[in-house]
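Student: This is the structure I have questions about; it appears just below.
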Amino acid sequence: MTLTRLLLSLALSLFLSLPAAAQSVLAQLLPQQAAGDLVPGADGFGPIRSDLPVAPVLSGGETVAWAFVTSDFVGTTGYSGKPIHTMVALSPEGTVTGVRLVQHSEPIVLIGIPEARVRALVESYTGLDLVAEAQSGGTSHDVDIISGATVTVMVIDDSIVRSGIRVARALGLGGLAAEVADTGPQFEINPDAPPAGDWIQMEGDGTLRRLSLDVAQVNAAFAQTPDPRAAERALTEPGDATFIDMYVGLVSVPRIGEAVLQPGDEANLVSWLEPGENAIAVMGRGLYSFKGSGYVRGGIFDRIVLIQDDVSVRFRDRDHRRLVTIGAEGAPSFTETDLFRIPADSGFDPTKPFRVQLLVHREVGPVEKVFQTFDLGYQLPPQYLRALAPAPVAQTDEALAAAQSDESSAQAALWKRIWQDSKLKIAILGAMLVVLTGVFFFQMFATRNEKKFYIFRMAYLTVTLVVLGWYFNAQLSVVNIFALFNSFINGFSWQAFLLDPLTFILWFAVAAALIFWGRGAYCGWLCPFGALQELTNQIARKLHVPQWTLPWGLHERLWPIKYMIFLGLFGVSLVSLNQAEHLAEVEPFKTAIILKFARAWPFVAYVAALLIAGLFVERFYCRYLCPLGAGLAIPARMRMFDWLKRYHECGNPCQTCAIECPVQAIHPTGEINPNECVDCLHCQVLYQSEDRCPVVIKKLKRRAKASASAPPDLGRPPAGHPNATARTTV
């Protein structure tokens, strides 16, 4: 039990854990903002309201606007899976008087795009009339899409508009009335609904909804955009040619799913959906694809989005399945037929109206695009619904407890669904950990044959780099360690880090490995960037690139650099975790592994310099600069076992292992420094080598000499021989 508790304690000290903060995002970010930067002429902020996370913006003691952060009101996330925090100020008339992008985690989307350009786009929302947006459902303005950052811009737009309308309604700005709780009858899906008819009947009664656009309509829409190039590059096909003919059906409703889908597809859908989840079928034909090909690269479908009141659902590849054919009688032929799953935690209510928004783009330059949106409205026909009596009003404490329970259940359902979707990745990572554990436990057997072990190690590192790193993006970072200490201040949340199963498993494995083997189990075998360094160095050796061995005195004095970097970053993280994340760019992991070198040239040049240095000095970055390695080395000193076998002669007089150690982790006196060892097991290969280890060679010679000097065994003399032992017969 003591060992188990120790494992769990250490695991908690290393897990990626972004806590659910008890205070609002506004309360965290407001002290860092200047009122004059948000609203010109303002000189301060008033206290945050107790009933709503908004703060008055003051000028001369008078309230001139109300400030809030979008992520306090909407949970829309971008590519990073995290909210984009935008601070907005609303005037008493319900217009946006100021807006600033204050914090985001969108490294992939903003590749090659100056952050100043995105900030300028955000600030362009100043002057937006939210009263008009509320009346039009958020569609009375144009979205200025930045090519290459489509999803990020759409998330920002969605967050500003929807949260702004909610705040304006709550405060009664611009004459908007506060939303009144619905006290009328509520609805649920009717399990006794009559069967849906054929395709024509379903289209007629609204079971299936349609958006049909021809080329002339699309050209006319783009002709209305402010950019004249959009009209100049009109489609040349005939005006009555079908641009897109798209149908949507809520197939998670049993009767609709039975009618639209093939029996096998309908059964697969039922098994695919967890409780609380819904799904729509989207079918299309024509010149334009509602899917496009961007999701293959980014994993997100950026041409369609489901919108329901303040709920916005963007579909990722894990929430998508293709359909081969449609089962409804009389269905037309389609070029695209797909299922999209709506997560249970999205807040989507299948009994209420929603719309599927289609984003259409037109190229107006080599890298520039203009965008238009078209909406397909949907509402379940009455025959699929049945009314419920209004639920009794609960007591305040009971209602609060129920809300907390619902939120906890929703979070649990979310991480369980993510784990379910990641079964293959989890299985591959689990197999890698099992194999590595077996190698460490049976290291003398594994390292018996030098050539076979070398081939195995290179193959394992290749899998680590390609699969674990470039494909799974399972690269740990020193920021994970900082997040833990930050969570101790703001409150620890299991649900947060369970959302990333591979990171969770890796950190737990690292925690266990620190007790058994030290930091080398991760650094030497499971770190994708470490694998990249070693593989490139091995290629360099094959090409006869000279290898430099630093003098021991200099090498030993370079070790502390990574510890100084770690302590410096850790100190900054105690003041500002966000600033520490920016400074942690000293880690090349994001550029080389997560973004696969698709980044601005200074970052790529930095990584290239490290890798080039590693061609001459193996694992140069690991040895001297890696703050993650330093952070792992500190708790690794509490390891309980010493697995690496040594001879008394190691270091005195034999220096073979010290000379051949790939990272110079062996002192000239023979001791292995566990803080620097990457557990490559090369010293264990040498420990058994019959042609390179002097101790083994000496033993073999002594054994051969003893065997040669022993008298020959002539065997036992035959019976009756004079020297034979007399036998007594009883």
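For the structure tokens, the naming scheme is as follows: chains receive sequential letters (A, B, ...) according to their order of presentation, residues are indexed from 1 within each chain, and ligands are indexed from 1 in presentation order.
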For Arg314 in chain A, please output as a list in words all residues within 8 Å (counting only C-alpha atoms; exclusion window: fewer than 3 positions along the same chain).

Tutor: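 Those residues are Ile300, Phe301, Asp302, Ile304, Val305 and Leu306 of chain A.
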
Student: Would you mind listing, for every residue of range 426-509 of chain A within 8 Å of range 594-608 of chain A, the two atoms forming the shortest contact and the distance between them in Å to one decimal, using only C-alpha atoms, sorted by chain and ascending residue number, as a Markdown table?

Tutor:
```
| residue | atom | partner | partner_atom | distance |
| --- | --- | --- | --- | --- |
| A:Gly469 | CA | A:Ile594 | CA | 7.2 |
| A:Trp470 | CA | A:Ile594 | CA | 6.4 |
| A:Asn473 | CA | A:Ile594 | CA | 5.5 |
| A:Gln475 | CA | A:Ile594 | CA | 7.6 |
```

Student: Excluding Phe334 in chain A and its own-chain neighbours fewer than 2 positions away, which residues fall within 7 Å of it when counting only C-alpha atoms? Please give them as a PyMOL selection string.

Tutor: chain A and resi 283-285+332+336-337

Student: Near Tyr384 in chain A, counting only C-alpha atoms, which residues have an atom at most 10 Å away, once you skip same-chain residues fewer than 2 positions from it, shown as a list of chain:residue names?

Tutor: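 Here the answer would be A:Phe187, A:Glu188, A:Ile189, A:Asn190, A:Pro191, A:Asp192, A:Ala193, A:Pro194, A:Pro195, A:Ala196, A:Thr207, A:Val253, A:Pro254, A:Arg255, A:Ile256, A:Thr351, A:Leu380, A:Pro381, A:Pro382, A:Arg386.
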
Student: Can you write just those residues out, C-alpha atoms, as a short mmCIF file (atom, residue, chain, number, x, y, z; two decimals), in the first residue's frame?

Tutor:
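Saved result, selection_3.cif, follows:
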```
data_model
loop_
_atom_site.label_atom_id
_atom_site.label_comp_id
_atom_site.auth_asym_id
_atom_site.auth_seq_id
_atom_site.Cartn_x
_atom_site.Cartn_y
_atom_site.Cartn_z
CA PHE A 187 -40.83 18.32 -24.93
CA GLU A 188 -39.07 15.02 -25.34
CA ILE A 189 -38.63 12.60 -28.21
CA ASN A 190 -41.78 10.55 -28.60
CA PRO A 191 -40.84 6.84 -28.59
CA ASP A 192 -44.34 6.01 -29.90
CA ALA A 193 -44.10 8.29 -32.94
CA PRO A 194 -45.53 6.84 -36.16
CA PRO A 195 -43.04 5.50 -38.71
CA ALA A 196 -41.66 8.07 -41.12
CA THR A 207 -38.47 15.38 -41.36
CA VAL A 253 -34.53 10.16 -33.48
CA PRO A 254 -35.32 6.43 -33.81
CA ARG A 255 -38.13 6.74 -36.35
CA ILE A 256 -36.09 9.05 -38.58
CA THR A 351 -36.53 19.11 -29.39
CA LEU A 380 -38.48 18.35 -35.56
CA PRO A 381 -42.04 17.91 -36.82
CA PRO A 382 -44.66 17.61 -34.03
CA ARG A 386 -44.50 14.75 -26.87
#
```

Student: Using only C-alpha atoms, can you tell me which of A:Leu173, A:Leu287, A:Cys680, A:Ala34 comes closest to Asp129 in chain A?

Tutor: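 Selected residue with least distance to Asp129 in chain A: A:Leu173.
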
Student: Contacts of Arg619 in chain A at 9 Å or less, counting only C-alpha atoms, minus same-chain residues fewer than 4 places along, as a list in words?

Tutor: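 Non-adjacent residues within range: Gly530, Gln533, Glu534, Asn537, Leu610, Leu611, Ala613, Gly614, Leu615, Arg623, Tyr624, Pro662 and Val663 of chain A.
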
Student: Here is a test: counting only C-alpha atoms, which residue of A:Lys562, A:Ile539, A:Asn449, A:Cys661 is nearest to Ile612 in chain A?

Tutor: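 Closest to Ile612 in chain A, using only C-alpha atoms: A:Ile539.
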
Student: So that I can see what lies close to range 262-273 of chain A, please list as JSON, numbers by chain the residues with an atom at most 7 Å from it, counting only C-alpha atoms and leaving out residues fewer than 4 positions away in the same chain.

Tutor: {"A": [257, 258, 277, 278, 326, 327]}

Student: Go through range 318-393 of chain A and collect every residue that DSSP, computed from the backbone, puts in strand (DSSP E or B); the answer should be as an MDAnalysis selection string.

Tutor: chainID A and resid 320:322 336:342 354:363 369:378 385:388

Student: With N, CA and C atoms retained, export the selected residues as a short mmCIF file (atom, residue, chain, number, x, y, z; two decimals), in the first residue's frame.

Tutor:
```cif
data_model
loop_
_atom_site.label_atom_id
_atom_site.label_comp_id
_atom_site.auth_asym_id
_atom_site.auth_seq_id
_atom_site.Cartn_x
_atom_site.Cartn_y
_atom_site.Cartn_z
N HIS A 320 -17.41 11.83 -36.90
CA HIS A 320 -17.87 11.71 -38.28
C HIS A 320 -17.80 10.26 -38.74
N ARG A 321 -18.81 9.85 -39.49
CA ARG A 321 -18.80 8.55 -40.16
C ARG A 321 -19.45 8.69 -41.53
N ARG A 322 -18.88 7.99 -42.49
CA ARG A 322 -19.43 8.02 -43.84
C ARG A 322 -20.59 7.04 -43.98
N GLU A 336 -22.19 12.83 -51.58
CA GLU A 336 -21.69 12.80 -50.20
C GLU A 336 -22.84 12.46 -49.27
N THR A 337 -22.64 11.46 -48.43
CA THR A 337 -23.63 11.09 -47.41
C THR A 337 -22.86 10.78 -46.14
N ASP A 338 -23.12 11.54 -45.08
CA ASP A 338 -22.29 11.43 -43.88
C ASP A 338 -23.12 11.59 -42.62
N LEU A 339 -22.62 10.97 -41.54
CA LEU A 339 -23.19 11.14 -40.21
C LEU A 339 -22.27 12.02 -39.38
N PHE A 340 -22.88 12.90 -38.57
CA PHE A 340 -22.12 13.75 -37.65
C PHE A 340 -22.72 13.63 -36.26
N ARG A 341 -21.87 13.31 -35.30
CA ARG A 341 -22.32 13.11 -33.92
C ARG A 341 -22.26 14.42 -33.15
N ILE A 342 -23.29 14.69 -32.36
CA ILE A 342 -23.37 15.88 -31.52
C ILE A 342 -23.09 15.45 -30.08
N PHE A 354 -32.89 24.34 -34.66
CA PHE A 354 -31.47 24.64 -34.84
C PHE A 354 -31.24 24.90 -36.31
N ARG A 355 -30.03 25.28 -36.65
CA ARG A 355 -29.69 25.51 -38.04
C ARG A 355 -28.30 24.97 -38.32
N VAL A 356 -28.10 24.51 -39.53
CA VAL A 356 -26.79 24.09 -40.00
C VAL A 356 -26.29 25.16 -40.95
N GLN A 357 -25.18 25.78 -40.59
CA GLN A 357 -24.65 26.88 -41.38
C GLN A 357 -23.57 26.36 -42.32
N LEU A 358 -23.71 26.69 -43.59
CA LEU A 358 -22.75 26.27 -44.62
C LEU A 358 -21.85 27.44 -44.96
N LEU A 359 -20.54 27.21 -44.90
CA LEU A 359 -19.56 28.23 -45.25
C LEU A 359 -19.07 27.98 -46.66
N VAL A 360 -19.21 28.97 -47.52
CA VAL A 360 -18.77 28.87 -48.92
C VAL A 360 -17.65 29.87 -49.13
N HIS A 361 -16.57 29.42 -49.73
CA HIS A 361 -15.43 30.31 -49.96
C HIS A 361 -15.20 30.51 -51.45
N ARG A 362 -14.54 31.61 -51.74
CA ARG A 362 -14.14 31.90 -53.12
C ARG A 362 -12.73 32.50 -53.07
N GLU A 363 -11.84 31.93 -53.85
CA GLU A 363 -10.47 32.42 -53.89
C GLU A 363 -10.41 33.70 -54.71
N LYS A 369 -9.04 34.49 -49.59
CA LYS A 369 -10.37 33.96 -49.87
C LYS A 369 -11.42 34.91 -49.30
N VAL A 370 -12.58 34.91 -49.93
CA VAL A 370 -13.74 35.62 -49.42
C VAL A 370 -14.79 34.57 -49.09
N PHE A 371 -15.57 34.82 -48.02
CA PHE A 371 -16.49 33.80 -47.53
C PHE A 371 -17.92 34.33 -47.47
N GLN A 372 -18.87 33.42 -47.67
CA GLN A 372 -20.29 33.68 -47.49
C GLN A 372 -20.90 32.51 -46.73
N THR A 373 -21.92 32.79 -45.92
CA THR A 373 -22.59 31.72 -45.18
C THR A 373 -24.04 31.62 -45.62
N PHE A 374 -24.55 30.38 -45.60
CA PHE A 374 -25.94 30.09 -45.95
C PHE A 374 -26.49 29.15 -44.87
N ASP A 375 -27.72 29.41 -44.43
CA ASP A 375 -28.30 28.65 -43.33
C ASP A 375 -29.37 27.69 -43.81
N LEU A 376 -29.36 26.49 -43.20
CA LEU A 376 -30.41 25.51 -43.39
C LEU A 376 -31.09 25.32 -42.03
N GLY A 377 -32.33 25.81 -41.90
CA GLY A 377 -33.05 25.69 -40.64
C GLY A 377 -33.69 24.33 -40.47
N TYR A 378 -33.77 23.87 -39.22
CA TYR A 378 -34.36 22.55 -38.95
C TYR A 378 -35.13 22.59 -37.64
N LEU A 385 -42.49 14.47 -31.27
CA LEU A 385 -42.34 15.06 -29.95
C LEU A 385 -43.56 14.76 -29.10
N ARG A 386 -43.37 14.80 -27.79
CA ARG A 386 -44.50 14.75 -26.87
C ARG A 386 -44.20 15.69 -25.71
N ALA A 387 -45.27 16.32 -25.20
CA ALA A 387 -45.13 17.34 -24.18
C ALA A 387 -44.93 16.71 -22.81
N LEU A 388 -44.18 17.44 -21.97
CA LEU A 388 -43.98 17.04 -20.57
C LEU A 388 -44.55 18.11 -19.67
#
```

Student: Just want the 9 Å neighbourhood of Gly197 in chain A, counted on only C-alpha atoms, with same-chain residues fewer than 3 positions away dropped. Output as an NGL selection string.

Tutor: :A and (200-202 or 259 or 328-329)
